[in-house]
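Q: So here's upload.txt, just compact mmCIF, C-alpha atoms:
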# COMPACT_ATOMS: atom_id res chain seq x y z
CA MET A 167 139.84 2.26 -54.83
CA LEU A 168 140.73 -0.03 -57.74
CA THR A 169 141.99 -3.39 -56.48
CA ILE A 170 144.57 -5.81 -57.85
CA GLU A 171 141.84 -8.43 -58.31
CA GLN A 172 139.78 -6.01 -60.40
CA ILE A 173 142.73 -5.16 -62.63
CA ARG A 174 143.39 -8.84 -63.27
CA ALA A 175 139.68 -9.57 -63.82
CA ALA A 176 139.31 -6.65 -66.22
CA ARG A 177 142.32 -7.80 -68.23
CA ALA A 178 140.87 -11.31 -68.38
CA LEU A 179 137.52 -9.96 -69.55
CA LEU A 180 139.25 -8.11 -72.38
CA ASP A 181 141.82 -10.87 -73.02
CA TRP A 182 144.56 -8.29 -72.42
CA SER A 183 148.09 -9.13 -71.35
CA GLN A 184 149.97 -6.92 -68.93
CA SER A 185 151.72 -5.44 -71.96
CA ASP A 186 148.34 -4.64 -73.56
CA LEU A 187 147.20 -2.77 -70.46
CA ALA A 188 150.52 -0.97 -70.23
CA ASP A 189 150.19 0.17 -73.85
CA HIS A 190 146.62 1.43 -73.42
CA ALA A 191 147.43 3.20 -70.14
CA ASP A 192 150.78 4.68 -71.27
CA LEU A 193 152.60 2.80 -68.52
CA SER A 194 155.35 0.17 -68.53
CA GLN A 195 154.69 -3.57 -68.47
CA THR A 196 157.08 -3.82 -65.53
CA GLY A 197 155.04 -1.23 -63.66
CA ILE A 198 151.81 -3.15 -64.26
CA ALA A 199 153.46 -6.37 -63.10
CA ARG A 200 154.69 -4.72 -59.90
CA ILE A 201 151.20 -3.38 -59.19
CA GLU A 202 149.59 -6.78 -59.74
CA ASN A 203 152.08 -8.68 -57.60
CA GLY A 204 151.72 -6.15 -54.80
CA THR A 205 155.30 -4.85 -54.76
CA ASN A 206 154.29 -1.37 -55.88
CA LYS A 207 151.29 0.64 -54.69
CA PRO A 208 150.15 2.91 -57.55
CA ASN A 209 149.65 6.62 -56.96
CA SER A 210 146.45 8.39 -57.93
CA LYS A 211 147.77 9.42 -61.36
CA THR A 212 148.68 5.84 -62.25
CA VAL A 213 145.30 4.55 -61.06
CA GLU A 214 143.63 7.23 -63.19
CA LYS A 215 145.57 6.06 -66.26
CA ILE A 216 144.63 2.41 -65.65
CA MET A 217 140.97 3.23 -65.07
CA GLY A 218 140.96 5.46 -68.14
CA ALA A 219 142.30 2.62 -70.29
CA PHE A 220 139.64 0.25 -69.01
CA ASP A 221 136.93 2.90 -69.34
CA ALA A 222 137.83 3.38 -73.00
CA ALA A 223 137.51 -0.40 -73.41
CA ASN A 224 133.97 -0.34 -71.95
CA ILE A 225 134.81 -1.79 -68.54
CA ASP A 226 132.87 -0.87 -65.40
CA PHE A 227 134.10 -1.49 -61.87
CA LEU A 228 131.56 -2.42 -59.20
CA GLY A 229 132.60 -1.72 -55.63
CA THR A 230 135.95 -3.27 -54.72
CA THR A 231 135.38 -6.67 -56.31
CA GLY A 232 133.12 -6.48 -59.35
CA VAL A 233 133.97 -6.00 -63.02
CA GLN A 234 131.59 -5.91 -65.99
CA ILE A 235 131.26 -4.80 -69.58
CA LYS A 236 129.44 -1.47 -69.65
CA PRO A 237 125.77 -1.81 -70.66
CA GLU A 238 124.66 -1.01 -74.18
CA GLY A 239 122.78 2.26 -74.56
CA ARG A 240 124.38 4.29 -71.79
CA LEU A 241 124.63 8.06 -72.17
CA ASN A 242 127.53 10.34 -71.22
CA THR A 243 127.24 14.13 -71.28
CA TYR A 244 130.14 16.56 -71.68
CA ILE A 245 129.62 20.30 -71.14
CA GLY A 246 131.72 23.38 -71.86
CA HIS A 247 135.40 23.66 -72.78
CA GLU A 248 136.63 21.14 -70.22
CA GLY A 249 133.90 18.68 -71.12
CA PHE A 250 134.58 19.04 -74.84
CA VAL A 251 138.30 18.38 -74.34
CA ASN A 252 137.50 15.35 -72.16
CA PHE A 253 135.23 14.03 -74.91
CA LEU A 254 138.03 14.31 -77.47
CA LYS A 255 140.45 12.61 -75.09
CA GLN A 256 137.94 9.78 -74.72
CA VAL A 257 137.74 9.46 -78.50
CA HIS A 258 141.52 9.20 -78.65
CA LYS A 259 141.62 6.53 -75.94
CA VAL A 260 139.02 4.41 -77.71
CA LEU A 261 140.63 4.74 -81.14
CA LYS A 262 144.07 4.04 -79.73
CA GLY A 263 142.76 0.74 -78.39
CA LYS A 264 141.55 -0.43 -81.80
CA ASN A 265 143.75 -2.85 -83.78
CA SER A 266 142.27 -1.51 -87.00
CA LEU A 267 140.83 1.97 -87.23
CA GLU A 268 137.43 2.28 -88.85
CA SER A 269 136.84 5.77 -90.20
CA VAL A 270 135.40 8.30 -87.81
CA VAL A 271 132.58 10.14 -89.56
CA VAL A 272 131.45 13.62 -88.63
CA ASN A 273 128.62 15.60 -90.21
CA ASN A 274 127.53 19.24 -89.96
CA VAL A 275 131.02 20.39 -89.03
CA SER A 276 132.27 23.93 -88.60
CA GLU A 277 135.92 23.54 -87.66
CA ASP A 278 135.79 27.08 -86.27
CA ASP A 279 133.40 25.81 -83.58
CA PHE A 280 135.56 22.77 -82.84
CA LEU A 281 138.71 24.87 -82.56
CA ARG A 282 137.01 27.44 -80.36
CA TRP A 283 135.97 24.87 -77.78
CA GLU A 284 139.17 22.82 -78.01
CA GLY A 285 141.15 25.95 -77.19
CA SER A 286 144.82 25.35 -76.48
CA TYR A 287 144.28 21.57 -76.66
CA ALA A 288 143.68 21.72 -80.44
CA PRO A 289 147.30 21.23 -81.66
CA GLU A 290 147.83 18.32 -79.25
CA HIS A 291 144.58 16.69 -80.37
CA GLU A 292 145.52 16.93 -84.04
CA THR A 293 148.98 15.51 -83.36
CA ARG A 294 147.64 12.60 -81.29
CA MET A 295 145.07 11.66 -83.92
CA ALA A 296 147.68 11.71 -86.67
CA GLU A 297 150.08 9.61 -84.59
CA ILE A 298 147.61 6.75 -84.12
CA GLY A 299 146.68 6.73 -87.80
CA ALA A 300 143.12 7.92 -87.30
CA LYS A 301 141.01 8.26 -90.44
CA PHE A 302 138.18 10.78 -90.59
CA LYS A 303 135.48 11.66 -93.10
CA ILE A 304 134.12 15.14 -92.41
CA ILE A 305 131.17 16.92 -94.02
CA THR A 306 131.07 20.69 -93.78
CA LYS A 307 129.18 23.55 -95.40
CA GLU A 308 129.91 24.49 -98.99
CA GLY A 309 132.46 27.28 -99.15
CA ASP A 310 133.99 26.55 -95.74
CA GLN A 311 137.76 26.49 -96.29
CA ASN A 312 138.81 25.48 -92.76
CA PHE A 313 140.28 22.00 -93.19
CA THR A 314 142.27 21.94 -89.97
CA ALA A 315 142.22 18.12 -89.68
CA SER A 316 143.42 17.53 -93.25
CA LYS A 317 146.43 15.47 -92.04
CA TYR A 318 144.06 12.60 -91.23
CA ALA A 319 140.68 13.69 -92.62
CA GLU A 320 138.95 13.81 -95.98
CA TYR A 321 136.48 16.68 -96.38
CA ARG A 322 133.38 17.12 -98.49
CA TRP A 323 130.89 19.96 -98.87
CA VAL A 324 127.10 20.03 -98.74
CA PRO A 325 124.89 23.00 -99.68
CA GLU A 326 123.98 25.39 -96.89
CA HIS A 327 120.29 24.47 -97.00
CA VAL A 328 120.99 20.86 -95.93
CA PHE A 329 123.58 21.82 -93.30
CA SER A 330 122.40 21.47 -89.69
CA SER A 331 123.44 23.24 -86.50
CA ILE A 332 123.78 19.91 -84.65
CA SER A 333 126.92 17.93 -85.44
CA TYR A 334 127.00 14.16 -85.15
CA TYR A 335 130.28 12.37 -84.55
CA ILE A 336 130.50 8.58 -84.94
CA TYR A 337 133.46 6.58 -83.66
CA ALA A 338 133.64 2.86 -82.81
CA ASN A 339 130.17 2.01 -81.43
CA CYS A 340 129.55 5.53 -80.12
CA THR A 341 127.38 8.34 -81.44
CA ALA A 342 128.01 11.87 -80.17
CA LEU A 343 125.50 14.63 -80.85
CA ILE A 344 127.19 18.01 -80.42
CA ASN A 345 125.22 21.20 -79.79
CA PHE A 346 127.34 24.32 -80.23
CA GLU A 347 125.78 27.44 -78.75
CA ASP A 348 127.07 31.00 -78.47
CA ASN A 349 128.30 30.55 -74.91
CA ASN A 350 128.37 26.79 -74.41
CA VAL A 351 128.79 23.40 -76.02
CA THR A 352 127.15 20.13 -74.98
CA VAL A 353 128.08 16.66 -76.19
CA TYR A 354 125.59 13.81 -75.77
CA GLU A 355 127.50 10.56 -76.26
CA ILE A 356 125.43 7.40 -76.79
CA HIS A 357 127.12 4.01 -76.51
CA SER A 358 125.08 1.82 -78.82
CA SER A 359 126.18 -0.21 -81.83
CA ALA A 360 122.69 -0.05 -83.34
CA ILE A 361 122.51 3.74 -83.14
CA ALA A 362 126.09 4.17 -84.40
CA ASN A 363 125.37 1.89 -87.37
CA PHE A 364 122.19 3.84 -88.18
CA TYR A 365 124.04 7.17 -88.22
CA ARG A 366 126.89 5.70 -90.28
CA GLU A 367 124.39 4.61 -92.91
CA GLU A 368 122.80 8.07 -92.92
CA PHE A 369 126.25 9.65 -93.19
CA ASP A 370 127.17 7.42 -96.14
CA LYS A 371 124.06 8.60 -98.03
CA VAL A 372 125.04 12.24 -97.55
CA TRP A 373 128.71 11.56 -98.29
CA LYS A 374 127.97 9.98 -101.66
CA ASN A 375 126.16 13.12 -102.83
CA ALA A 376 128.50 15.62 -101.17
CA LYS A 377 130.90 17.74 -103.21
CA ASN A 378 134.66 17.42 -103.21
CA PRO A 379 136.02 20.85 -102.17
CA THR A 380 138.69 20.66 -104.87
CA GLU A 381 136.09 20.53 -107.63
I need this file expressed as structure tokens, please.
A:
Amino acid sequence: MLTIEQIRAARALLDWSQSDLADHADLSQTGIARIENGTNKPNSKTVEKIMGAFDAANIDFLGTTGVQIKPEGRLNTYIGHEGFVNFLKQVHKVLKGKNSLESVVVNNVSEDDFLRWEGSYAPEHETRMAEIGAKFKIITKEGDQNFTASKYAEYRWVPEHVFSSISYYIYANCTALINFEDNNVTVYEIHSSAIANFYREEFDKVWKNAKNPTE
């Protein structure tokens, strides 16, 4: 169970005020204050929101006392529809916590695959990304006219012969490799600045030579 001391320590580690935590966790500053001074015991949903905010900010909790920055190079795996939606929710949490939004870059995209595995969550995801001012650069296969994220994304085309079946999705310091199969999807999310920077550089090379769909 998350303790008051851990909440305070995690905020200190991130240099967050109570208002900052409230904003990231979609709670009120008054509610956070009442939790920290012991006048209000949070329910499981509130604890989940607080832990989710800290998780998106790369905080790990150790036992009932410890707090640390998550280690570089860790790997998270998301599987199937529920996993894919949880991955997108994680992306939103991380981007929401950024003061300035660096472009998210995604290569080898078929929006049909993304929409299939997002399911009914798709409209909410698009709305949430637009609301936080997310900026995407997306590379898809030449001739693909599905630009479902056009409210916040710029698209370019590459020829079919250089298009791959494995998508890579770079946000903040995270690299997600996405394997869409006929009956499943698996996301391998690597938390590493070095790897994210490498893939961004590779993306930029492809982007420069990619075709504007309006041409």
Q: Within 7 Å of range 233-247 of chain A, which residues of range 301-354 of chain A come that close, and what is the closest atom pair and distance in Å for each? Count only C-alpha atoms and give it as a tab-separated table.
A:
residue	atom	partner	partner_atom	distance
A:Asn350	CA	A:Gly246	CA	5.4
A:Val351	CA	A:Gly246	CA	5.1
A:Thr352	CA	A:Ile245	CA	4.6
A:Val353	CA	A:Tyr244	CA	5.0
A:Tyr354	CA	A:Thr243	CA	4.8
Q: When distances are computed from all atoms listed in the file, which of A:Ser276, A:Glu355, A:Arg366, A:Asp310 shows the smallest separation from Ser331 in chain A?
A: A:Ser276
Q: What is the CA of Phe250 in chain A to CA of Glu347 in chain A distance in Å?
A: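 Computing it gives 12.8 Å between the two atoms.
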Q: Excluding same-chain residues fewer than 2 positions from range 305-308 of chain A, what lies within 6 Å of it counting all atoms listed in the file, as a PDB file with C-alpha atoms, in the coordinates of the input?
A:
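Writing the result to part-v3.pdb gives the following:
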ATOM      1  CA  ASN A 273     128.620  15.600 -90.210  1.00  0.00           C
ATOM      2  CA  ASN A 274     127.530  19.240 -89.960  1.00  0.00           C
ATOM      3  CA  VAL A 275     131.020  20.390 -89.030  1.00  0.00           C
ATOM      4  CA  ASP A 310     133.990  26.550 -95.740  1.00  0.00           C
ATOM      5  CA  TYR A 321     136.480  16.680 -96.380  1.00  0.00           C
ATOM      6  CA  ARG A 322     133.380  17.120 -98.490  1.00  0.00           C
ATOM      7  CA  TRP A 323     130.890  19.960 -98.870  1.00  0.00           C
ATOM      8  CA  VAL A 324     127.100  20.030 -98.740  1.00  0.00           C
ATOM      9  CA  PRO A 325     124.890  23.000 -99.680  1.00  0.00           C
ATOM     10  CA  GLU A 326     123.980  25.390 -96.890  1.00  0.00           C
TER      11      GLU A 326
END
Q: Taking all atoms listed in the file into account, name the residue in A:Val257, A:Ile304, A:Leu281, A:Met295 that is nearest to Phe346 in chain A.
A: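 Comparing A:Val257, A:Ile304, A:Leu281, A:Met295 against Phe346 in chain A, the winner is A:Leu281.
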Q: For the atom pair CA of Lys259 in chain A and CA of Asp181 in chain A, what is the interatomic distance in Å to one decimal place?
A: 17.6 Å
Q: Could you name the residues that touch Ile198 in chain A at 9 Å or less, counting only C-alpha atoms, but leaving out those on the same chain fewer than 4 positions away, as a list of chain:residue names?
A: A:Gln184, A:Ser185, A:Leu187, A:Ala188, A:Leu193, A:Ser194, A:Glu202, A:Asn203, A:Asn206
Q: Any chance you could export the current selection's C-alpha atoms as a compact mmCIF listing (two decimals), in the coordinates of the input?
A:
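Generated output (result.txt):
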# COMPACT_ATOMS: atom_id res chain seq x y z
CA GLN A 184 149.97 -6.92 -68.93
CA SER A 185 151.72 -5.44 -71.96
CA LEU A 187 147.20 -2.77 -70.46
CA ALA A 188 150.52 -0.97 -70.23
CA LEU A 193 152.60 2.80 -68.52
CA SER A 194 155.35 0.17 -68.53
CA GLU A 202 149.59 -6.78 -59.74
CA ASN A 203 152.08 -8.68 -57.60
CA ASN A 206 154.29 -1.37 -55.88
Q: Out of A:Met217, A:Val270, A:Ala191, A:Ala315, which residue has the shortest atom-to-atom distance to Ile173 in chain A when counting all atoms listed in the file?
A: A:Met217
Q: Would you mind telling me which residue in A:Gly285, A:Val271, A:Gly299, A:Glu320 lies nearest to Glu367 in chain A when using all atoms listed in the file?
A: A:Val271
Q: Please indicate the distance in Å from CA of Glu214 in chain A to CA of His190 in chain A, rounded to one decimal place.
A: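 These atoms are spaced 12.1 Å apart.
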Q: For Ser210 in chain A, which of A:Gly309, A:Met167, A:Ser183, A:Thr196 is the closest residue, counting all atoms listed in the file?
A: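 Looking at the shortest contact to Ser210 in chain A, the residue is A:Met167.
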Q: Centre and edge lengths, as JSON, for the axis-aligned box enclosing every listed atom of range 229-247 of chain A with 3 Å of padding on each of the six sides, in Å to one decimal?
A:
{"center_x": 129.4, "center_y": 8.5, "center_z": -64.6, "size_x": 19.2, "size_y": 36.3, "size_z": 25.8}
Q: Nearest to Glu277 in chain A among A:His258, A:Lys303, A:Phe313, A:Thr293, with distances taken over all atoms listed in the file: which residue is it?
A: A:Phe313
Q: Which residues come within 12 Å of Glu171 in chain A, counting all atoms listed in the file, excluding same-chain residues fewer than 6 positions away, as a list in words?
A: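 Non-adjacent residues within range: Arg177, Ala178, Ile201, Glu202, Asn203, Gly204, Phe227, Leu228, Gly229, Thr230, Thr231, Gly232 and Val233 of chain A.
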Q: With a distance cut-off of 8 Å and all atoms listed in the file, select the neighbouring residues of Glu268 in chain A, excluding the residue or stretch itself and same-chain residues fewer than 3 positions from it, and output the selection as number ranges by chain.
A: A: 301, 337-338
Q: Kindly save the residues from that selection, with C-alpha atoms included, as a compact mmCIF listing (two decimals), in the frame of the given file.
A:
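The resulting file, result10.txt, is reproduced below:
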# COMPACT_ATOMS: atom_id res chain seq x y z
CA LYS A 301 141.01 8.26 -90.44
CA TYR A 337 133.46 6.58 -83.66
CA ALA A 338 133.64 2.86 -82.81
